[in-house]
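Written below as structure tokens is the structure these notes are about.
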Amino acid sequence: MTDDTFDPFDVIFIGGGPGGYIGAIKAAQLGLNTACVEMRGTLGGTCLNVGCIPSKALLQSSHLYHEAEADFAAHGIKTSGLALDLKAMMARKDTVVKDLTTGIAGLFKKNKVTYIPGRGRVTDAGTVQVTLADGGERTLKTENIVIATGSDVMGLPGVEIDEKTIVSSTGALTLNKVPKHLVVIGGGYIGLEMGSVWGRLGAKVTVVEFLDRITPGMDGELSRHLQRALTAQGMEFRLGTKVTGVKKAKSGVELTVEPAKGGDAETLKANVVLVSIGRKPYTDGLGLAEVGVTMDDRGFIPVDEDYQTNVAGIFAIGDILPDRPMLAHKAEEEGVVVAEKIAGHVGTVNYDAIPGVCYTWPEVATVGQSEDDLKAAGTPYNKGRFAFAANSRARASGDTEGGFVKLLADKETDRLLGAHIIGPDAGTMIAELVLALEMGASSEDIALTCHAHPTLNEAVKEAALAVTGKTLNS
Ligand code: FAD
Ligand code: NAI
């Protein structure tokens, strides 16, 4: 065991996820002597290792399988002998993850970020003690510390996740066979994305959701539409239902459920249960309480507008922050801004223009205020809506499925307040509306912008025209 003292760093990021690794690269680019401590063994955090990337790899593979099974015939493509090679699908996903995570180590080298594999603990505002991954301890001195340790799976009280039959998202990414019946607890992003993967591959999927709607926080019209689309794909929903017990049976798992508002209990049988009821902040073993960093009652770390905690020189970014969405691109923005602040520059994250995308099919992408938000705030607005059924590219591709683009603009000034898309490639299409929101554009600005034909984005232009009732193609 060695106990060296390094030259002092300007900043050490603890955690190499999207917040920490992007922040470290930005800090180094701004000339700061930067280190990043990561205990996982690979860089990229939850997102690249067990989150965004592996889930999107499986969503893409399962989408292709489902298309071959259900949609090719309509295009005049006959298939025979279509079969699932789950092992190969999983291996492909693992390769995607490996390539991307090792790529970050390369980016660190290129940008001169010191990568320290190991578990970090803050011993005072200027010291990080690292239990090195390959053995030994190191004491690192630094001017600034950024906590970017992210989040972890939130369990259900009394339910033991074994990652085989009772799984979190991590286990749901590595099942070695398609379960006959998958019961998903929680109708949020993880439940619907992973439910879609296994449903497309042949599982019967039942989503048990405590509230009387799925995807809380999403514009209600899109949420209802998404539920209809997923139901049409075979997903079953038990809304307003709470799980009161989960126990392993001889084969599979038995769940006891009852109406959230009270009523008779019933038993659901499943082969695999996915617990996806949210994520909690991860600060285990960081020593934050000992150095006086304040955490709220759920373990999140409050910060000021510079991302500084109540202790000078200790900052926090990413999923560990309270009351903000747990999203990789949000963590990245915060990583950049905290680096800028520490380097003495100015920077800010516009939380009003953070897009959210649910990568089901159809995809759902939203930015800005929902119609429910505007109604609740009593903000007068105009609404423009355009259906993909009237978009030529969507029809050519066979991707109409009743999706639409909805734009919400201030009634008086026409300034864009919110944009919501449910349909093919919504996650890519939302980008122009995020930019519009950032630039303070009006719906008229969007309507006056030339959009290539035939593209899905023409539906955005038409929705902008619809704000003033002037659509050209419907
Ligand atoms: P993390 O990515 O959690 O990284 C924190 C890192 O810190 C971890 O690698 C951890 O090992 C390390 N760490 C913790 N403690 C220590 C310590 N003491 N010492 C050293 N290292 C430590 N978001 C999206 O925007 N789009 C998506 O499509 C999407 N899909 C998702 C799918 C799933 C299944 C899940 C679970 C999440 C998904 N997310 C998605 C959310 C996204 O992964 C997170 O918002 C994002 O990873 C948060 O980044 P972060 O840097 O704050 O934390
Ligand atoms: P979530 O917060 O999106 O959804 C959890 C759902 O579980 C909610 O609908 C909630 O009402 C419900 N719920 C809570 N307790 C329950 C109970 N006891 N019984 C039944 N239902 C219950 O959380 P999820 O899906 O676990 O995802 C965690 C985080 O990961 C999210 O905050 C999301 O931001 C992020 N993520 C983002 C993705 C994306 O951007 N595409 C994909 C996957 C995850």
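Chain labels follow the order of the structure tokens: the first chain is A, the next B, and so on; residue numbering restarts at 1 in every chain, and ligands are counted from 1 in their shown order.
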
| request: Would you mind listing what lies within 7 Å of segment 354-370 of chain A as a VMD selection string, with only C-alpha atoms counted and same-chain residues fewer than 3 positions away left out? | output: chain A and resid 189 192 to 193 196 219 330 351 373 to 374 417 to 427 430 434

| Which residues, written as a ChimeraX atom specification, have at least one atom at most 8 Å from Ala464 of chain A, with only C-alpha atoms counted and residues fewer than 6 positions away on the same chain left out? | /A:384-385,407,443-444,446-447

Selection file, C-alpha atoms, as a CSV table (one decimal), in the first residue's frame:
chain,number,residue,atom,x,y,z
A,384,GLY,CA,-50.5,24.5,-33.0
A,385,ARG,CA,-50.8,20.8,-33.7
A,407,LEU,CA,-46.3,23.8,-30.2
A,443,SER,CA,-43.8,30.3,-33.7
A,444,GLU,CA,-43.7,32.6,-36.7
A,446,ILE,CA,-40.2,28.6,-37.1
A,447,ALA,CA,-43.1,28.8,-39.7

Quick one: contact table of chain A to ligand 2, 6 Å max, nearest atom pair and distance in Å to one decimal per residue, counting only C-alpha atoms and all ligand atoms, chain and number order, as a tab-separated table?
residue	atom	partner	partner_atom_place_in_ligand_line	distance
A:Ile185	CA	ligand 2	20 (C)	5.0
A:Gly186	CA	ligand 2	7 (O)	3.3
A:Gly187	CA	ligand 2	9 (O)	4.5
A:Gly188	CA	ligand 2	4 (O)	3.2
A:Tyr189	CA	ligand 2	25 (O)	4.0
A:Ile190	CA	ligand 2	25 (O)	3.6
A:Gly191	CA	ligand 2	25 (O)	5.2
A:Val208	CA	ligand 2	20 (C)	5.6
A:Glu209	CA	ligand 2	21 (N)	3.9
A:Phe210	CA	ligand 2	20 (C)	4.0
A:Leu211	CA	ligand 2	11 (O)	5.3
A:Ile214	CA	ligand 2	9 (O)	5.4
A:Thr215	CA	ligand 2	9 (O)	5.1
A:Pro216	CA	ligand 2	9 (O)	5.5
A:Lys242	CA	ligand 2	19 (N)	4.9
A:Val243	CA	ligand 2	19 (N)	5.5
A:Ser276	CA	ligand 2	26 (O)	3.9
A:Ile277	CA	ligand 2	7 (O)	3.6
A:Gly278	CA	ligand 2	26 (O)	3.3
A:Arg279	CA	ligand 2	28 (C)	4.9
A:Pro325	CA	ligand 2	34 (O)	5.6
A:Met326	CA	ligand 2	34 (O)	4.2
A:Leu327	CA	ligand 2	34 (O)	5.1
A:Gly356	CA	ligand 2	40 (O)	5.8
A:Val357	CA	ligand 2	41 (N)	5.0
A:Cys358	CA	ligand 2	41 (N)	4.2
A:Tyr359	CA	ligand 2	41 (N)	5.5

Set the cut-off to 7 Å, count only C-alpha atoms and all ligand atoms, and list whatever residues fall near ligand 1 as a short mmCIF file (atom, residue, chain, number, x, y, z; two decimals) with N, CA, C and O atoms, in the first residue's frame.
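The result, written out as selection.cif:
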data_model
loop_
_atom_site.label_atom_id
_atom_site.label_comp_id
_atom_site.auth_asym_id
_atom_site.auth_seq_id
_atom_site.Cartn_x
_atom_site.Cartn_y
_atom_site.Cartn_z
N ILE A 14 -15.07 13.79 -8.64
CA ILE A 14 -15.30 12.43 -8.12
C ILE A 14 -16.52 11.87 -8.86
O ILE A 14 -17.64 12.35 -8.70
N GLY A 15 -16.28 10.87 -9.71
CA GLY A 15 -17.33 10.31 -10.56
C GLY A 15 -17.04 10.64 -12.02
O GLY A 15 -16.85 11.80 -12.38
N GLY A 16 -17.00 9.59 -12.83
CA GLY A 16 -16.68 9.77 -14.26
C GLY A 16 -17.85 9.52 -15.16
O GLY A 16 -17.71 8.97 -16.26
N GLY A 17 -19.07 9.92 -14.72
CA GLY A 17 -20.26 9.83 -15.58
C GLY A 17 -20.33 11.05 -16.49
O GLY A 17 -19.37 11.83 -16.57
N PRO A 18 -21.48 11.25 -17.16
CA PRO A 18 -21.60 12.38 -18.09
C PRO A 18 -21.31 13.73 -17.44
O PRO A 18 -20.74 14.61 -18.08
N GLY A 19 -21.66 13.89 -16.16
CA GLY A 19 -21.35 15.14 -15.46
C GLY A 19 -19.86 15.25 -15.23
O GLY A 19 -19.20 16.23 -15.63
N GLY A 20 -19.28 14.23 -14.59
CA GLY A 20 -17.88 14.27 -14.19
C GLY A 20 -16.90 14.23 -15.34
O GLY A 20 -15.93 14.99 -15.38
N VAL A 37 -11.70 10.89 -10.55
CA VAL A 37 -11.63 9.63 -9.80
C VAL A 37 -12.90 8.85 -10.11
O VAL A 37 -14.01 9.36 -9.94
N GLU A 38 -12.76 7.62 -10.58
CA GLU A 38 -13.94 6.80 -10.91
C GLU A 38 -13.71 5.38 -10.40
O GLU A 38 -12.67 4.78 -10.67
N MET A 39 -14.70 4.85 -9.69
CA MET A 39 -14.51 3.55 -9.02
C MET A 39 -15.03 2.36 -9.82
O MET A 39 -14.79 1.21 -9.45
N ARG A 40 -15.77 2.63 -10.90
CA ARG A 40 -16.48 1.57 -11.61
C ARG A 40 -15.55 0.62 -12.40
O ARG A 40 -15.93 -0.50 -12.73
N LEU A 43 -15.05 4.29 -17.51
CA LEU A 43 -15.61 5.66 -17.47
C LEU A 43 -17.00 5.68 -18.11
O LEU A 43 -17.42 4.72 -18.74
N GLY A 44 -17.69 6.80 -17.96
CA GLY A 44 -19.00 6.95 -18.61
C GLY A 44 -20.19 6.85 -17.67
O GLY A 44 -21.32 7.14 -18.05
N GLY A 45 -19.95 6.39 -16.44
CA GLY A 45 -21.00 6.40 -15.43
C GLY A 45 -22.17 5.48 -15.73
O GLY A 45 -22.07 4.55 -16.54
N THR A 46 -23.27 5.79 -15.07
CA THR A 46 -24.51 5.03 -15.27
C THR A 46 -24.88 5.05 -16.75
O THR A 46 -25.23 4.03 -17.34
N CYS A 47 -24.80 6.24 -17.34
CA CYS A 47 -25.28 6.45 -18.71
C CYS A 47 -24.65 5.47 -19.70
O CYS A 47 -25.35 4.74 -20.39
N VAL A 50 -24.60 1.31 -17.78
CA VAL A 50 -25.83 0.56 -17.45
C VAL A 50 -27.09 1.41 -17.65
O VAL A 50 -28.11 1.18 -17.01
N GLY A 51 -27.01 2.43 -18.50
CA GLY A 51 -28.15 3.34 -18.65
C GLY A 51 -28.46 3.62 -20.11
O GLY A 51 -28.83 2.73 -20.88
N CYS A 52 -28.28 4.89 -20.47
CA CYS A 52 -28.67 5.38 -21.80
C CYS A 52 -28.19 4.48 -22.94
O CYS A 52 -28.98 4.10 -23.80
N ILE A 53 -26.92 4.17 -22.93
CA ILE A 53 -26.34 3.51 -24.11
C ILE A 53 -26.76 2.05 -24.27
O ILE A 53 -27.29 1.67 -25.32
N SER A 55 -29.32 0.63 -23.04
CA SER A 55 -30.77 0.55 -23.26
C SER A 55 -31.11 0.95 -24.69
O SER A 55 -31.97 0.34 -25.33
N LYS A 56 -30.42 1.97 -25.20
CA LYS A 56 -30.71 2.37 -26.59
C LYS A 56 -30.23 1.34 -27.59
O LYS A 56 -30.84 1.14 -28.64
N GLY A 118 -10.50 4.34 -8.92
CA GLY A 118 -10.57 4.03 -7.49
C GLY A 118 -11.75 4.74 -6.86
O GLY A 118 -12.48 5.48 -7.52
N ARG A 119 -11.93 4.48 -5.56
CA ARG A 119 -13.07 5.05 -4.84
C ARG A 119 -12.60 6.27 -4.05
O ARG A 119 -11.69 6.18 -3.24
N GLY A 120 -13.23 7.41 -4.30
CA GLY A 120 -12.81 8.65 -3.66
C GLY A 120 -13.60 8.95 -2.39
O GLY A 120 -14.79 8.62 -2.30
N ARG A 121 -12.90 9.57 -1.44
CA ARG A 121 -13.57 10.01 -0.20
C ARG A 121 -13.01 11.38 0.14
O ARG A 121 -11.79 11.60 0.04
N ALA A 148 -19.61 14.32 -8.39
CA ALA A 148 -20.42 13.96 -9.57
C ALA A 148 -20.69 12.46 -9.50
O ALA A 148 -20.48 11.72 -10.46
N THR A 149 -21.16 12.03 -8.32
CA THR A 149 -21.28 10.59 -8.06
C THR A 149 -22.63 10.01 -8.47
O THR A 149 -22.87 8.81 -8.31
N GLY A 150 -23.51 10.83 -9.01
CA GLY A 150 -24.71 10.33 -9.68
C GLY A 150 -25.75 9.69 -8.79
O GLY A 150 -25.94 10.08 -7.63
N SER A 151 -26.41 8.68 -9.35
CA SER A 151 -27.55 8.08 -8.66
C SER A 151 -27.50 6.57 -8.76
O SER A 151 -26.72 6.00 -9.53
N ASP A 152 -28.38 5.96 -7.99
CA ASP A 152 -28.45 4.49 -7.95
C ASP A 152 -29.92 4.08 -7.96
O ASP A 152 -30.81 4.89 -7.69
N SER A 169 -33.07 -1.85 -13.55
CA SER A 169 -32.74 -1.63 -14.97
C SER A 169 -31.46 -2.37 -15.35
O SER A 169 -31.33 -2.86 -16.47
N THR A 170 -30.52 -2.48 -14.40
CA THR A 170 -29.24 -3.14 -14.71
C THR A 170 -29.46 -4.60 -15.08
O THR A 170 -28.93 -5.08 -16.09
N ILE A 190 -37.77 4.31 -17.47
CA ILE A 190 -37.10 3.01 -17.51
C ILE A 190 -38.11 1.90 -17.77
O ILE A 190 -37.90 1.03 -18.63
N TYR A 282 -26.48 9.04 -5.01
CA TYR A 282 -25.47 8.10 -4.51
C TYR A 282 -24.32 8.86 -3.86
O TYR A 282 -23.55 9.54 -4.55
N THR A 283 -24.20 8.73 -2.54
CA THR A 283 -23.10 9.40 -1.84
C THR A 283 -22.40 8.45 -0.86
O THR A 283 -21.65 8.91 -0.01
N ASP A 284 -22.64 7.14 -1.04
CA ASP A 284 -22.10 6.16 -0.08
C ASP A 284 -20.58 6.31 0.07
O ASP A 284 -19.86 6.36 -0.93
N GLY A 285 -20.12 6.35 1.29
CA GLY A 285 -18.68 6.32 1.57
C GLY A 285 -17.92 7.56 1.15
O GLY A 285 -16.68 7.58 1.15
N LEU A 286 -18.63 8.64 0.78
CA LEU A 286 -17.93 9.85 0.31
C LEU A 286 -17.42 10.71 1.45
O LEU A 286 -16.61 11.60 1.24
N ILE A 317 -22.68 18.34 -9.08
CA ILE A 317 -23.39 18.42 -10.37
C ILE A 317 -24.06 17.07 -10.67
O ILE A 317 -23.73 16.06 -10.07
N GLY A 318 -24.98 17.09 -11.62
CA GLY A 318 -25.55 15.83 -12.14
C GLY A 318 -26.71 15.31 -11.32
O GLY A 318 -27.41 16.06 -10.63
N ASP A 319 -26.92 14.00 -11.38
CA ASP A 319 -28.07 13.36 -10.73
C ASP A 319 -28.13 13.60 -9.23
O ASP A 319 -29.19 13.43 -8.61
N ILE A 320 -26.99 13.97 -8.64
CA ILE A 320 -26.92 14.16 -7.19
C ILE A 320 -27.63 15.44 -6.74
O ILE A 320 -27.87 15.65 -5.55
N MET A 326 -33.17 13.92 -13.92
CA MET A 326 -31.98 13.05 -13.93
C MET A 326 -31.72 12.65 -15.37
O MET A 326 -32.22 11.63 -15.85
N LEU A 327 -30.95 13.48 -16.06
CA LEU A 327 -30.69 13.25 -17.48
C LEU A 327 -29.22 13.46 -17.77
O LEU A 327 -28.59 14.37 -17.21
N ALA A 328 -28.70 12.66 -18.68
CA ALA A 328 -27.26 12.71 -18.99
C ALA A 328 -26.87 14.07 -19.58
O ALA A 328 -25.85 14.65 -19.18
N HIS A 329 -27.68 14.58 -20.51
CA HIS A 329 -27.30 15.84 -21.16
C HIS A 329 -27.41 17.01 -20.19
O HIS A 329 -26.68 18.00 -20.32
N ALA A 331 -26.66 16.70 -16.96
CA ALA A 331 -25.43 16.54 -16.17
C ALA A 331 -24.23 17.12 -16.95
O ALA A 331 -23.36 17.78 -16.38
N VAL A 357 -36.49 12.97 -23.58
CA VAL A 357 -36.90 12.06 -24.64
C VAL A 357 -37.15 10.67 -24.06
O VAL A 357 -36.31 10.15 -23.33
N TYR A 359 -37.49 6.93 -25.29
CA TYR A 359 -37.12 6.26 -26.54
C TYR A 359 -37.94 5.01 -26.82
O TYR A 359 -37.43 3.98 -27.19
#

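We find atom CA of Leu239 of chain A and atom CA of Ile166 of chain A to be spaced 20.5 Å apart.
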
| said: Just list as an MDAnalysis selection string whatever in segment 290-399 of chain A DSSP marks as strand (DSSP E). | reply: chainID A and resid 314:316 356:358 363:368 381:387

I'd like the contact shell of Asp414 of chain A - 9 Å cut-off, only C-alpha atoms, skipping same-chain residues fewer than 3 positions apart - returned as an mmCIF file with N, CA and C atoms, in the first residue's frame.
data_model
loop_
_atom_site.group_PDB
_atom_site.id
_atom_site.type_symbol
_atom_site.label_atom_id
_atom_site.label_comp_id
_atom_site.auth_asym_id
_atom_site.auth_seq_id
_atom_site.Cartn_x
_atom_site.Cartn_y
_atom_site.Cartn_z
ATOM 1 N N TYR A 381 -52.120 31.042 -23.936
ATOM 2 C CA TYR A 381 -51.253 30.495 -24.994
ATOM 3 C C TYR A 381 -52.063 30.126 -26.223
ATOM 4 N N ASN A 382 -51.366 30.078 -27.358
ATOM 5 C CA ASN A 382 -51.944 29.510 -28.573
ATOM 6 C C ASN A 382 -51.283 28.162 -28.812
ATOM 7 N N LEU A 408 -46.603 25.257 -28.330
ATOM 8 C CA LEU A 408 -47.358 26.163 -27.456
ATOM 9 C C LEU A 408 -46.642 27.507 -27.451
ATOM 10 N N ALA A 409 -47.362 28.546 -27.829
ATOM 11 C CA ALA A 409 -46.730 29.869 -27.930
ATOM 12 C C ALA A 409 -47.532 30.892 -27.127
ATOM 13 N N ASP A 410 -46.817 31.865 -26.584
ATOM 14 C CA ASP A 410 -47.456 32.914 -25.793
ATOM 15 C C ASP A 410 -48.537 33.614 -26.624
ATOM 16 N N LYS A 411 -49.720 33.769 -26.052
ATOM 17 C CA LYS A 411 -50.859 34.315 -26.798
ATOM 18 C C LYS A 411 -50.573 35.731 -27.285
ATOM 19 N N LEU A 417 -43.204 28.655 -26.011
ATOM 20 C CA LEU A 417 -43.132 28.340 -24.579
ATOM 21 C C LEU A 417 -42.880 26.857 -24.329
ATOM 22 N N ALA A 441 -37.265 32.259 -29.941
ATOM 23 C CA ALA A 441 -37.977 32.372 -31.220
ATOM 24 C C ALA A 441 -39.491 32.381 -31.017
ATOM 25 N N SER A 442 -40.179 32.957 -32.001
ATOM 26 C CA SER A 442 -41.649 32.911 -32.005
ATOM 27 C C SER A 442 -42.081 31.741 -32.879
ATOM 28 N N SER A 443 -43.354 31.378 -32.801
ATOM 29 C CA SER A 443 -43.822 30.299 -33.686
ATOM 30 C C SER A 443 -43.716 30.763 -35.140
ATOM 31 N N GLU A 444 -43.860 32.068 -35.344
ATOM 32 C CA GLU A 444 -43.749 32.590 -36.712
ATOM 33 C C GLU A 444 -42.335 32.400 -37.266
ATOM 34 N N VAL A 467 -50.246 27.299 -35.253
ATOM 35 C CA VAL A 467 -50.432 28.167 -34.075
ATOM 36 C C VAL A 467 -51.353 29.337 -34.435
#

Cut-off 7 Å: closest segment 375-437 of chain A/segment 452-463 of chain A atom pairs per residue, using only C-alpha atoms, as a Markdown table:
| residue | atom | partner | partner_atom | distance |
| --- | --- | --- | --- | --- |
| A:Gly384 | CA | A:Ala463 | CA | 4.9 |
| A:Arg385 | CA | A:Ala463 | CA | 4.8 |
| A:Phe386 | CA | A:Ala463 | CA | 4.8 |
| A:Phe388 | CA | A:Ala459 | CA | 6.6 |
| A:Asn391 | CA | A:Ala459 | CA | 6.2 |
| A:Ser392 | CA | A:Pro454 | CA | 6.2 |
| A:Arg393 | CA | A:Pro454 | CA | 5.2 |
| A:Ala394 | CA | A:Leu456 | CA | 6.3 |
| A:Val405 | CA | A:Ala463 | CA | 6.2 |
| A:Lys406 | CA | A:Ala463 | CA | 6.3 |
| A:Leu407 | CA | A:Ala463 | CA | 6.3 |
| A:Met429 | CA | A:Asn457 | CA | 6.3 |

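With atom CA of Glu266 of chain A on one side and atom CA of Lys247 of chain A on the other, the separation reads 13.6 Å.
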
| query | Given the choices A:Arg415, A:Lys26, A:Lys269, A:Arg138, which gets closest to Val338 of chain A if the distance is worked out from only C-alpha atoms? | reply | A:Lys26

| message | Among segment 345-381 of chain A, which residues does DSSP mark as alpha helix (DSSP H) when it is run on the backbone? Keep the chain and numbering as in the structure and answer as a ChimeraX atom specification. | response | /A:371-377
